[in-house]
file model-v4.pdb (PDB, N, CA and C atoms, pLDDT in the B column)
ATOM      1  N   MET A   1     -28.701  31.033  34.704  1.00 64.00           N
ATOM      2  CA  MET A   1     -29.274  30.452  33.502  1.00 64.00           C
ATOM      3  C   MET A   1     -28.463  30.845  32.268  1.00 64.00           C
ATOM      4  N   ALA A   2     -28.088  32.132  32.191  1.00 72.00           N
ATOM      5  CA  ALA A   2     -27.307  32.602  31.052  1.00 72.00           C
ATOM      6  C   ALA A   2     -25.943  31.934  31.045  1.00 72.00           C
ATOM      7  N   GLN A   3     -25.387  31.693  32.230  1.00 77.00           N
ATOM      8  CA  GLN A   3     -24.074  31.041  32.326  1.00 77.00           C
ATOM      9  C   GLN A   3     -24.144  29.609  31.793  1.00 77.00           C
ATOM     10  N   ALA A   4     -25.223  28.916  32.117  1.00 79.00           N
ATOM     11  CA  ALA A   4     -25.394  27.538  31.642  1.00 79.00           C
ATOM     12  C   ALA A   4     -25.529  27.521  30.116  1.00 79.00           C
ATOM     13  N   THR A   5     -26.248  28.478  29.565  1.00 90.00           N
ATOM     14  CA  THR A   5     -26.433  28.555  28.123  1.00 90.00           C
ATOM     15  C   THR A   5     -25.092  28.803  27.433  1.00 90.00           C
ATOM     16  N   LEU A   6     -24.288  29.699  27.997  1.00 87.00           N
ATOM     17  CA  LEU A   6     -22.982  30.002  27.438  1.00 87.00           C
ATOM     18  C   LEU A   6     -22.077  28.765  27.512  1.00 87.00           C
ATOM     19  N   SER A   7     -22.133  28.072  28.602  1.00 89.00           N
ATOM     20  CA  SER A   7     -21.334  26.856  28.767  1.00 89.00           C
ATOM     21  C   SER A   7     -21.771  25.787  27.765  1.00 89.00           C
ATOM     22  N   ASN A   8     -23.072  25.647  27.571  1.00 90.00           N
ATOM     23  CA  ASN A   8     -23.582  24.680  26.603  1.00 90.00           C
ATOM     24  C   ASN A   8     -23.136  25.027  25.179  1.00 90.00           C
ATOM     25  N   GLN A   9     -23.146  26.308  24.864  1.00 90.00           N
ATOM     26  CA  GLN A   9     -22.721  26.736  23.529  1.00 90.00           C
ATOM     27  C   GLN A   9     -21.245  26.422  23.298  1.00 90.00           C
ATOM     28  N   ARG A  10     -20.433  26.649  24.347  1.00 90.00           N
ATOM     29  CA  ARG A  10     -19.001  26.325  24.231  1.00 90.00           C
ATOM     30  C   ARG A  10     -18.812  24.827  23.997  1.00 90.00           C
ATOM     31  N   THR A  11     -19.580  24.029  24.713  1.00 92.00           N
ATOM     32  CA  THR A  11     -19.494  22.578  24.556  1.00 92.00           C
ATOM     33  C   THR A  11     -19.896  22.173  23.145  1.00 92.00           C
ATOM     34  N   ILE A  12     -20.957  22.767  22.641  1.00 92.00           N
ATOM     35  CA  ILE A  12     -21.431  22.462  21.289  1.00 92.00           C
ATOM     36  C   ILE A  12     -20.368  22.829  20.255  1.00 92.00           C
ATOM     37  N   ILE A  13     -19.775  24.012  20.399  1.00 92.00           N
ATOM     38  CA  ILE A  13     -18.733  24.458  19.462  1.00 92.00           C
ATOM     39  C   ILE A  13     -17.540  23.518  19.521  1.00 92.00           C
ATOM     40  N   SER A  14     -17.160  23.133  20.728  1.00 92.00           N
ATOM     41  CA  SER A  14     -16.038  22.207  20.895  1.00 92.00           C
ATOM     42  C   SER A  14     -16.342  20.869  20.230  1.00 92.00           C
ATOM     43  N   ASN A  15     -17.551  20.373  20.435  1.00 93.00           N
ATOM     44  CA  ASN A  15     -17.956  19.110  19.822  1.00 93.00           C
ATOM     45  C   ASN A  15     -17.984  19.223  18.298  1.00 93.00           C
ATOM     46  N   ASP A  16     -18.445  20.356  17.787  1.00 94.00           N
ATOM     47  CA  ASP A  16     -18.476  20.563  16.343  1.00 94.00           C
ATOM     48  C   ASP A  16     -17.068  20.533  15.756  1.00 94.00           C
ATOM     49  N   ARG A  17     -16.115  21.125  16.473  1.00 93.00           N
ATOM     50  CA  ARG A  17     -14.728  21.121  15.996  1.00 93.00           C
ATOM     51  C   ARG A  17     -14.189  19.696  15.922  1.00 93.00           C
ATOM     52  N   VAL A  18     -14.512  18.898  16.915  1.00 94.00           N
ATOM     53  CA  VAL A  18     -14.072  17.502  16.913  1.00 94.00           C
ATOM     54  C   VAL A  18     -14.703  16.755  15.747  1.00 94.00           C
ATOM     55  N   ILE A  19     -15.984  16.990  15.521  1.00 95.00           N
ATOM     56  CA  ILE A  19     -16.689  16.329  14.414  1.00 95.00           C
ATOM     57  C   ILE A  19     -16.055  16.720  13.082  1.00 95.00           C
ATOM     58  N   ILE A  20     -15.783  17.992  12.891  1.00 96.00           N
ATOM     59  CA  ILE A  20     -15.186  18.468  11.643  1.00 96.00           C
ATOM     60  C   ILE A  20     -13.799  17.862  11.455  1.00 96.00           C
ATOM     61  N   ARG A  21     -13.015  17.819  12.541  1.00 96.00           N
ATOM     62  CA  ARG A  21     -11.684  17.218  12.456  1.00 96.00           C
ATOM     63  C   ARG A  21     -11.766  15.745  12.062  1.00 96.00           C
ATOM     64  N   ASN A  22     -12.721  15.036  12.647  1.00 96.00           N
ATOM     65  CA  ASN A  22     -12.909  13.622  12.320  1.00 96.00           C
ATOM     66  C   ASN A  22     -13.367  13.426  10.879  1.00 96.00           C
ATOM     67  N   GLN A  23     -14.240  14.307  10.401  1.00 97.00           N
ATOM     68  CA  GLN A  23     -14.692  14.218   9.015  1.00 97.00           C
ATOM     69  C   GLN A  23     -13.535  14.439   8.043  1.00 97.00           C
ATOM     70  N   ARG A  24     -12.645  15.378   8.372  1.00 97.00           N
ATOM     71  CA  ARG A  24     -11.464  15.606   7.527  1.00 97.00           C
ATOM     72  C   ARG A  24     -10.592  14.362   7.480  1.00 97.00           C
ATOM     73  N   LYS A  25     -10.400  13.744   8.639  1.00 97.00           N
ATOM     74  CA  LYS A  25      -9.605  12.510   8.688  1.00 97.00           C
ATOM     75  C   LYS A  25     -10.245  11.416   7.838  1.00 97.00           C
ATOM     76  N   LEU A  26     -11.559  11.288   7.932  1.00 97.00           N
ATOM     77  CA  LEU A  26     -12.272  10.288   7.139  1.00 97.00           C
ATOM     78  C   LEU A  26     -12.097  10.534   5.645  1.00 97.00           C
ATOM     79  N   LEU A  27     -12.204  11.775   5.228  1.00 96.00           N
ATOM     80  CA  LEU A  27     -12.032  12.108   3.808  1.00 96.00           C
ATOM     81  C   LEU A  27     -10.624  11.774   3.336  1.00 96.00           C
ATOM     82  N   ARG A  28      -9.621  12.128   4.144  1.00 96.00           N
ATOM     83  CA  ARG A  28      -8.235  11.801   3.776  1.00 96.00           C
ATOM     84  C   ARG A  28      -8.052  10.289   3.671  1.00 96.00           C
ATOM     85  N   ASN A  29      -8.645   9.562   4.611  1.00 97.00           N
ATOM     86  CA  ASN A  29      -8.530   8.103   4.589  1.00 97.00           C
ATOM     87  C   ASN A  29      -9.229   7.503   3.374  1.00 97.00           C
ATOM     88  N   GLN A  30     -10.359   8.075   2.978  1.00 96.00           N
ATOM     89  CA  GLN A  30     -11.067   7.581   1.800  1.00 96.00           C
ATOM     90  C   GLN A  30     -10.243   7.800   0.540  1.00 96.00           C
ATOM     91  N   ILE A  31      -9.598   8.943   0.453  1.00 95.00           N
ATOM     92  CA  ILE A  31      -8.734   9.233  -0.700  1.00 95.00           C
ATOM     93  C   ILE A  31      -7.581   8.244  -0.714  1.00 95.00           C
ATOM     94  N   ARG A  32      -6.975   8.033   0.433  1.00 95.00           N
ATOM     95  CA  ARG A  32      -5.847   7.096   0.534  1.00 95.00           C
ATOM     96  C   ARG A  32      -6.302   5.670   0.198  1.00 95.00           C
ATOM     97  N   LEU A  33      -7.494   5.317   0.644  1.00 96.00           N
ATOM     98  CA  LEU A  33      -8.018   3.976   0.371  1.00 96.00           C
ATOM     99  C   LEU A  33      -8.195   3.756  -1.130  1.00 96.00           C
ATOM    100  N   SER A  34      -8.684   4.764  -1.834  1.00 94.00           N
ATOM    101  CA  SER A  34      -8.867   4.600  -3.276  1.00 94.00           C
ATOM    102  C   SER A  34      -7.520   4.404  -3.970  1.00 94.00           C
ATOM    103  N   GLU A  35      -6.474   5.093  -3.476  1.00 94.00           N
ATOM    104  CA  GLU A  35      -5.131   4.899  -4.039  1.00 94.00           C
ATOM    105  C   GLU A  35      -4.652   3.478  -3.778  1.00 94.00           C
ATOM    106  N   LEU A  36      -4.887   2.991  -2.578  1.00 96.00           N
ATOM    107  CA  LEU A  36      -4.473   1.628  -2.228  1.00 96.00           C
ATOM    108  C   LEU A  36      -5.206   0.598  -3.075  1.00 96.00           C
ATOM    109  N   LEU A  37      -6.499   0.815  -3.292  1.00 95.00           N
ATOM    110  CA  LEU A  37      -7.281  -0.120  -4.100  1.00 95.00           C
ATOM    111  C   LEU A  37      -6.785  -0.145  -5.544  1.00 95.00           C
ATOM    112  N   ARG A  38      -6.434   1.021  -6.074  1.00 96.00           N
ATOM    113  CA  ARG A  38      -5.877   1.080  -7.433  1.00 96.00           C
ATOM    114  C   ARG A  38      -4.577   0.281  -7.502  1.00 96.00           C
ATOM    115  N   ASN A  39      -3.736   0.456  -6.491  1.00 97.00           N
ATOM    116  CA  ASN A  39      -2.466  -0.271  -6.462  1.00 97.00           C
ATOM    117  C   ASN A  39      -2.700  -1.773  -6.350  1.00 97.00           C
ATOM    118  N   GLN A  40      -3.681  -2.176  -5.561  1.00 97.00           N
ATOM    119  CA  GLN A  40      -3.979  -3.604  -5.435  1.00 97.00           C
ATOM    120  C   GLN A  40      -4.460  -4.174  -6.765  1.00 97.00           C
ATOM    121  N   GLY A  41      -5.235  -3.386  -7.508  1.00 96.00           N
ATOM    122  CA  GLY A  41      -5.669  -3.827  -8.836  1.00 96.00           C
ATOM    123  C   GLY A  41      -4.481  -4.045  -9.758  1.00 96.00           C
ATOM    124  N   LYS A  42      -3.505  -3.127  -9.705  1.00 97.00           N
ATOM    125  CA  LYS A  42      -2.301  -3.279 -10.525  1.00 97.00           C
ATOM    126  C   LYS A  42      -1.525  -4.523 -10.110  1.00 97.00           C
ATOM    127  N   ILE A  43      -1.423  -4.736  -8.805  1.00 98.00           N
ATOM    128  CA  ILE A  43      -0.700  -5.906  -8.300  1.00 98.00           C
ATOM    129  C   ILE A  43      -1.367  -7.189  -8.780  1.00 98.00           C
ATOM    130  N   LEU A  44      -2.689  -7.241  -8.721  1.00 97.00           N
ATOM    131  CA  LEU A  44      -3.405  -8.432  -9.182  1.00 97.00           C
ATOM    132  C   LEU A  44      -3.176  -8.686 -10.669  1.00 97.00           C
ATOM    133  N   ARG A  45      -3.222  -7.633 -11.467  1.00 98.00           N
ATOM    134  CA  ARG A  45      -2.965  -7.784 -12.902  1.00 98.00           C
ATOM    135  C   ARG A  45      -1.551  -8.317 -13.143  1.00 98.00           C
ATOM    136  N   ASN A  46      -0.588  -7.787 -12.395  1.00 98.00           N
ATOM    137  CA  ASN A  46       0.792  -8.245 -12.554  1.00 98.00           C
ATOM    138  C   ASN A  46       0.939  -9.701 -12.131  1.00 98.00           C
ATOM    139  N   GLN A  47       0.258 -10.085 -11.059  1.00 98.00           N
ATOM    140  CA  GLN A  47       0.335 -11.474 -10.609  1.00 98.00           C
ATOM    141  C   GLN A  47      -0.275 -12.420 -11.645  1.00 98.00           C
ATOM    142  N   LYS A  48      -1.368 -12.000 -12.269  1.00 98.00           N
ATOM    143  CA  LYS A  48      -1.969 -12.823 -13.328  1.00 98.00           C
ATOM    144  C   LYS A  48      -1.005 -12.977 -14.496  1.00 98.00           C
ATOM    145  N   ALA A  49      -0.325 -11.890 -14.864  1.00 98.00           N
ATOM    146  CA  ALA A  49       0.641 -11.948 -15.959  1.00 98.00           C
ATOM    147  C   ALA A  49       1.797 -12.880 -15.598  1.00 98.00           C
ATOM    148  N   ILE A  50       2.242 -12.820 -14.358  1.00 98.00           N
ATOM    149  CA  ILE A  50       3.331 -13.704 -13.911  1.00 98.00           C
ATOM    150  C   ILE A  50       2.901 -15.156 -14.011  1.00 98.00           C
ATOM    151  N   ILE A  51       1.695 -15.456 -13.580  1.00 98.00           N
ATOM    152  CA  ILE A  51       1.192 -16.835 -13.637  1.00 98.00           C
ATOM    153  C   ILE A  51       1.098 -17.303 -15.087  1.00 98.00           C
ATOM    154  N   ARG A  52       0.604 -16.443 -15.980  1.00 98.00           N
ATOM    155  CA  ARG A  52       0.529 -16.792 -17.403  1.00 98.00           C
ATOM    156  C   ARG A  52       1.923 -17.109 -17.944  1.00 98.00           C
ATOM    157  N   ASN A  53       2.880 -16.265 -17.588  1.00 98.00           N
ATOM    158  CA  ASN A  53       4.250 -16.482 -18.065  1.00 98.00           C
ATOM    159  C   ASN A  53       4.842 -17.773 -17.500  1.00 98.00           C
ATOM    160  N   GLN A  54       4.547 -18.056 -16.237  1.00 98.00           N
ATOM    161  CA  GLN A  54       5.052 -19.296 -15.651  1.00 98.00           C
ATOM    162  C   GLN A  54       4.455 -20.520 -16.348  1.00 98.00           C
ATOM    163  N   LYS A  55       3.177 -20.441 -16.696  1.00 98.00           N
ATOM    164  CA  LYS A  55       2.545 -21.545 -17.423  1.00 98.00           C
ATOM    165  C   LYS A  55       3.206 -21.734 -18.780  1.00 98.00           C
ATOM    166  N   LYS A  56       3.521 -20.629 -19.466  1.00 97.00           N
ATOM    167  CA  LYS A  56       4.192 -20.724 -20.766  1.00 97.00           C
ATOM    168  C   LYS A  56       5.571 -21.366 -20.608  1.00 97.00           C
ATOM    169  N   ILE A  57       6.294 -20.961 -19.577  1.00 97.00           N
ATOM    170  CA  ILE A  57       7.624 -21.530 -19.334  1.00 97.00           C
ATOM    171  C   ILE A  57       7.522 -23.024 -19.078  1.00 97.00           C
ATOM    172  N   LEU A  58       6.550 -23.432 -18.247  1.00 96.00           N
ATOM    173  CA  LEU A  58       6.364 -24.858 -17.959  1.00 96.00           C
ATOM    174  C   LEU A  58       6.004 -25.631 -19.227  1.00 96.00           C
ATOM    175  N   ALA A  59       5.167 -25.046 -20.066  1.00 96.00           N
ATOM    176  CA  ALA A  59       4.787 -25.710 -21.320  1.00 96.00           C
ATOM    177  C   ALA A  59       6.007 -25.846 -22.229  1.00 96.00           C
ATOM    178  N   ASP A  60       6.836 -24.801 -22.295  1.00 96.00           N
ATOM    179  CA  ASP A  60       8.062 -24.859 -23.099  1.00 96.00           C
ATOM    180  C   ASP A  60       8.994 -25.948 -22.578  1.00 96.00           C
ATOM    181  N   HIS A  61       9.148 -26.044 -21.285  1.00 95.00           N
ATOM    182  CA  HIS A  61       9.999 -27.072 -20.695  1.00 95.00           C
ATOM    183  C   HIS A  61       9.469 -28.467 -21.019  1.00 95.00           C
ATOM    184  N   ALA A  62       8.155 -28.615 -20.920  1.00 94.00           N
ATOM    185  CA  ALA A  62       7.552 -29.919 -21.213  1.00 94.00           C
ATOM    186  C   ALA A  62       7.803 -30.302 -22.675  1.00 94.00           C
ATOM    187  N   ARG A  63       7.678 -29.333 -23.596  1.00 93.00           N
ATOM    188  CA  ARG A  63       7.940 -29.603 -25.012  1.00 93.00           C
ATOM    189  C   ARG A  63       9.407 -29.970 -25.231  1.00 93.00           C
ATOM    190  N   MET A  64      10.288 -29.269 -24.553  1.00 92.00           N
ATOM    191  CA  MET A  64      11.715 -29.566 -24.700  1.00 92.00           C
ATOM    192  C   MET A  64      12.030 -30.958 -24.173  1.00 92.00           C
ATOM    193  N   LEU A  65      11.418 -31.318 -23.056  1.00 90.00           N
ATOM    194  CA  LEU A  65      11.659 -32.643 -22.482  1.00 90.00           C
ATOM    195  C   LEU A  65      11.146 -33.750 -23.397  1.00 90.00           C
ATOM    196  N   THR A  66       9.981 -33.546 -23.993  1.00 90.00           N
ATOM    197  CA  THR A  66       9.427 -34.583 -24.880  1.00 90.00           C
ATOM    198  C   THR A  66      10.255 -34.694 -26.161  1.00 90.00           C
ATOM    199  N   LYS A  67      10.827 -33.580 -26.636  1.00 86.00           N
ATOM    200  CA  LYS A  67      11.688 -33.643 -27.827  1.00 86.00           C
ATOM    201  C   LYS A  67      12.955 -34.424 -27.529  1.00 86.00           C
ATOM    202  N   HIS A  68      13.542 -34.191 -26.365  1.00 79.00           N
ATOM    203  CA  HIS A  68      14.806 -34.829 -26.003  1.00 79.00           C
ATOM    204  C   HIS A  68      14.617 -36.290 -25.601  1.00 79.00           C
ATOM    205  N   SER A  69      13.433 -36.613 -25.112  1.00 76.00           N
ATOM    206  CA  SER A  69      13.225 -37.996 -24.671  1.00 76.00           C
ATOM    207  C   SER A  69      12.625 -38.863 -25.784  1.00 76.00           C
ATOM    208  N   ALA A  70      12.314 -38.275 -26.939  1.00 66.00           N
ATOM    209  CA  ALA A  70      11.757 -39.063 -28.045  1.00 66.00           C
ATOM    210  C   ALA A  70      12.824 -40.020 -28.566  1.00 66.00           C
ATOM    211  N   PRO A  71      12.430 -41.241 -28.928  1.00 66.00           N
ATOM    212  CA  PRO A  71      13.426 -42.213 -29.416  1.00 66.00           C
ATOM    213  C   PRO A  71      14.060 -41.748 -30.728  1.00 66.00           C
ATOM    214  N   ARG A  72      15.355 -41.987 -30.835  1.00 62.00           N
ATOM    215  CA  ARG A  72      16.079 -41.573 -32.043  1.00 62.00           C
ATOM    216  C   ARG A  72      16.132 -42.725 -33.029  1.00 62.00           C
ATOM    217  N   ARG A  73      16.070 -42.440 -34.293  1.00 60.00           N
ATOM    218  CA  ARG A  73      16.088 -43.489 -35.336  1.00 60.00           C
ATOM    219  C   ARG A  73      17.383 -43.517 -36.067  1.00 60.00           C
TER     220      ARG A  73
END
call {"tool": "encode", "arguments": {"input": "model-v4.pdb", "output": "C-alpha cells"}}
result
Amino acid sequence: MAQATLSNQRTIISNDRVIIRNQRKLLRNQIRLSELLRNQGKILRNQKAIIRNQKKILADHARMLTKHSAPRR
C-alpha cells in the first residue's frame, strides 16, 4: 500500500512538472502573440498610408491628364 502511494506521488509530481512546463510555454506564446499583434497593427497603418498616397498620385495624374488634354486657344 505504501509503495502504491509513493508511486502515485511520483506520478503526480511528474504531471505537475509537465503542467508547469506547458504553462510557461503558454505564457511565452502569449507574450510573443502580443508582439505580433502590435506589428500587425503597424503594418495595417502603413498599408492605409500607402493606399492614401496611391489615391493622391492617381488624382494628380488625372489632373495632369485633364490639363494636357484641354483644348488650346
call {"tool": "atom_distance", "arguments": {"input": "model-v4.pdb", "atom1": "atom N of Lys25 in chain A", "atom2": "atom N of Thr11 in chain A"}}
result
21.2 Å
call {"tool": "atom_distance", "arguments": {"input": "model-v4.pdb", "atom1": "atom C of Asn53 in chain A", "atom2": "CA of Leu37 in chain A"}}
result
25.3 Å
call {"tool": "atom_distance", "arguments": {"input": "model-v4.pdb", "atom1": "CA of Ser69 in chain A", "atom2": "CA of Ile57 in chain A"}}
result
18.2 Å
call {"tool": "build_atoms", "arguments": {"input": "model-v4.pdb", "residues": "range 20-43 of chain A", "atoms": "N, CA, C and O atoms", "output": "CSV table (one decimal), keeping the file's coordinate frame"}}
result
chain,number,residue,atom,x,y,z
A,20,ILE,N,-15.8,18.0,12.9
A,20,ILE,CA,-15.2,18.5,11.6
A,20,ILE,C,-13.8,17.9,11.5
A,20,ILE,O,-13.4,17.4,10.4
A,21,ARG,N,-13.0,17.8,12.5
A,21,ARG,CA,-11.7,17.2,12.5
A,21,ARG,C,-11.8,15.7,12.1
A,21,ARG,O,-11.0,15.3,11.2
A,22,ASN,N,-12.7,15.0,12.6
A,22,ASN,CA,-12.9,13.6,12.3
A,22,ASN,C,-13.4,13.4,10.9
A,22,ASN,O,-12.9,12.5,10.2
A,23,GLN,N,-14.2,14.3,10.4
A,23,GLN,CA,-14.7,14.2,9.0
A,23,GLN,C,-13.5,14.4,8.0
A,23,GLN,O,-13.4,13.8,7.0
A,24,ARG,N,-12.6,15.4,8.4
A,24,ARG,CA,-11.5,15.6,7.5
A,24,ARG,C,-10.6,14.4,7.5
A,24,ARG,O,-10.1,14.0,6.4
A,25,LYS,N,-10.4,13.7,8.6
A,25,LYS,CA,-9.6,12.5,8.7
A,25,LYS,C,-10.2,11.4,7.8
A,25,LYS,O,-9.6,10.7,7.1
A,26,LEU,N,-11.6,11.3,7.9
A,26,LEU,CA,-12.3,10.3,7.1
A,26,LEU,C,-12.1,10.5,5.6
A,26,LEU,O,-11.9,9.6,4.9
A,27,LEU,N,-12.2,11.8,5.2
A,27,LEU,CA,-12.0,12.1,3.8
A,27,LEU,C,-10.6,11.8,3.3
A,27,LEU,O,-10.4,11.2,2.3
A,28,ARG,N,-9.6,12.1,4.1
A,28,ARG,CA,-8.2,11.8,3.8
A,28,ARG,C,-8.1,10.3,3.7
A,28,ARG,O,-7.4,9.8,2.8
A,29,ASN,N,-8.6,9.6,4.6
A,29,ASN,CA,-8.5,8.1,4.6
A,29,ASN,C,-9.2,7.5,3.4
A,29,ASN,O,-8.8,6.5,2.8
A,30,GLN,N,-10.4,8.1,3.0
A,30,GLN,CA,-11.1,7.6,1.8
A,30,GLN,C,-10.2,7.8,0.5
A,30,GLN,O,-10.2,6.9,-0.3
A,31,ILE,N,-9.6,8.9,0.5
A,31,ILE,CA,-8.7,9.2,-0.7
A,31,ILE,C,-7.6,8.2,-0.7
A,31,ILE,O,-7.3,7.7,-1.8
A,32,ARG,N,-7.0,8.0,0.4
A,32,ARG,CA,-5.8,7.1,0.5
A,32,ARG,C,-6.3,5.7,0.2
A,32,ARG,O,-5.6,4.9,-0.5
A,33,LEU,N,-7.5,5.3,0.6
A,33,LEU,CA,-8.0,4.0,0.4
A,33,LEU,C,-8.2,3.8,-1.1
A,33,LEU,O,-7.9,2.7,-1.6
A,34,SER,N,-8.7,4.8,-1.8
A,34,SER,CA,-8.9,4.6,-3.3
A,34,SER,C,-7.5,4.4,-4.0
A,34,SER,O,-7.4,3.6,-4.9
A,35,GLU,N,-6.5,5.1,-3.5
A,35,GLU,CA,-5.1,4.9,-4.0
A,35,GLU,C,-4.7,3.5,-3.8
A,35,GLU,O,-4.1,2.8,-4.7
A,36,LEU,N,-4.9,3.0,-2.6
A,36,LEU,CA,-4.5,1.6,-2.2
A,36,LEU,C,-5.2,0.6,-3.1
A,36,LEU,O,-4.6,-0.4,-3.5
A,37,LEU,N,-6.5,0.8,-3.3
A,37,LEU,CA,-7.3,-0.1,-4.1
A,37,LEU,C,-6.8,-0.1,-5.5
A,37,LEU,O,-6.7,-1.2,-6.2
A,38,ARG,N,-6.4,1.0,-6.1
A,38,ARG,CA,-5.9,1.1,-7.4
A,38,ARG,C,-4.6,0.3,-7.5
A,38,ARG,O,-4.3,-0.5,-8.4
A,39,ASN,N,-3.7,0.5,-6.5
A,39,ASN,CA,-2.5,-0.3,-6.5
A,39,ASN,C,-2.7,-1.8,-6.4
A,39,ASN,O,-2.0,-2.6,-7.0
A,40,GLN,N,-3.7,-2.2,-5.6
A,40,GLN,CA,-4.0,-3.6,-5.4
A,40,GLN,C,-4.5,-4.2,-6.8
A,40,GLN,O,-4.1,-5.3,-7.1
A,41,GLY,N,-5.2,-3.4,-7.5
A,41,GLY,CA,-5.7,-3.8,-8.8
A,41,GLY,C,-4.5,-4.0,-9.8
A,41,GLY,O,-4.4,-5.0,-10.5
A,42,LYS,N,-3.5,-3.1,-9.7
A,42,LYS,CA,-2.3,-3.3,-10.5
A,42,LYS,C,-1.5,-4.5,-10.1
A,42,LYS,O,-1.0,-5.3,-11.0
A,43,ILE,N,-1.4,-4.7,-8.8
A,43,ILE,CA,-0.7,-5.9,-8.3
A,43,ILE,C,-1.4,-7.2,-8.8
A,43,ILE,O,-0.7,-8.1,-9.2
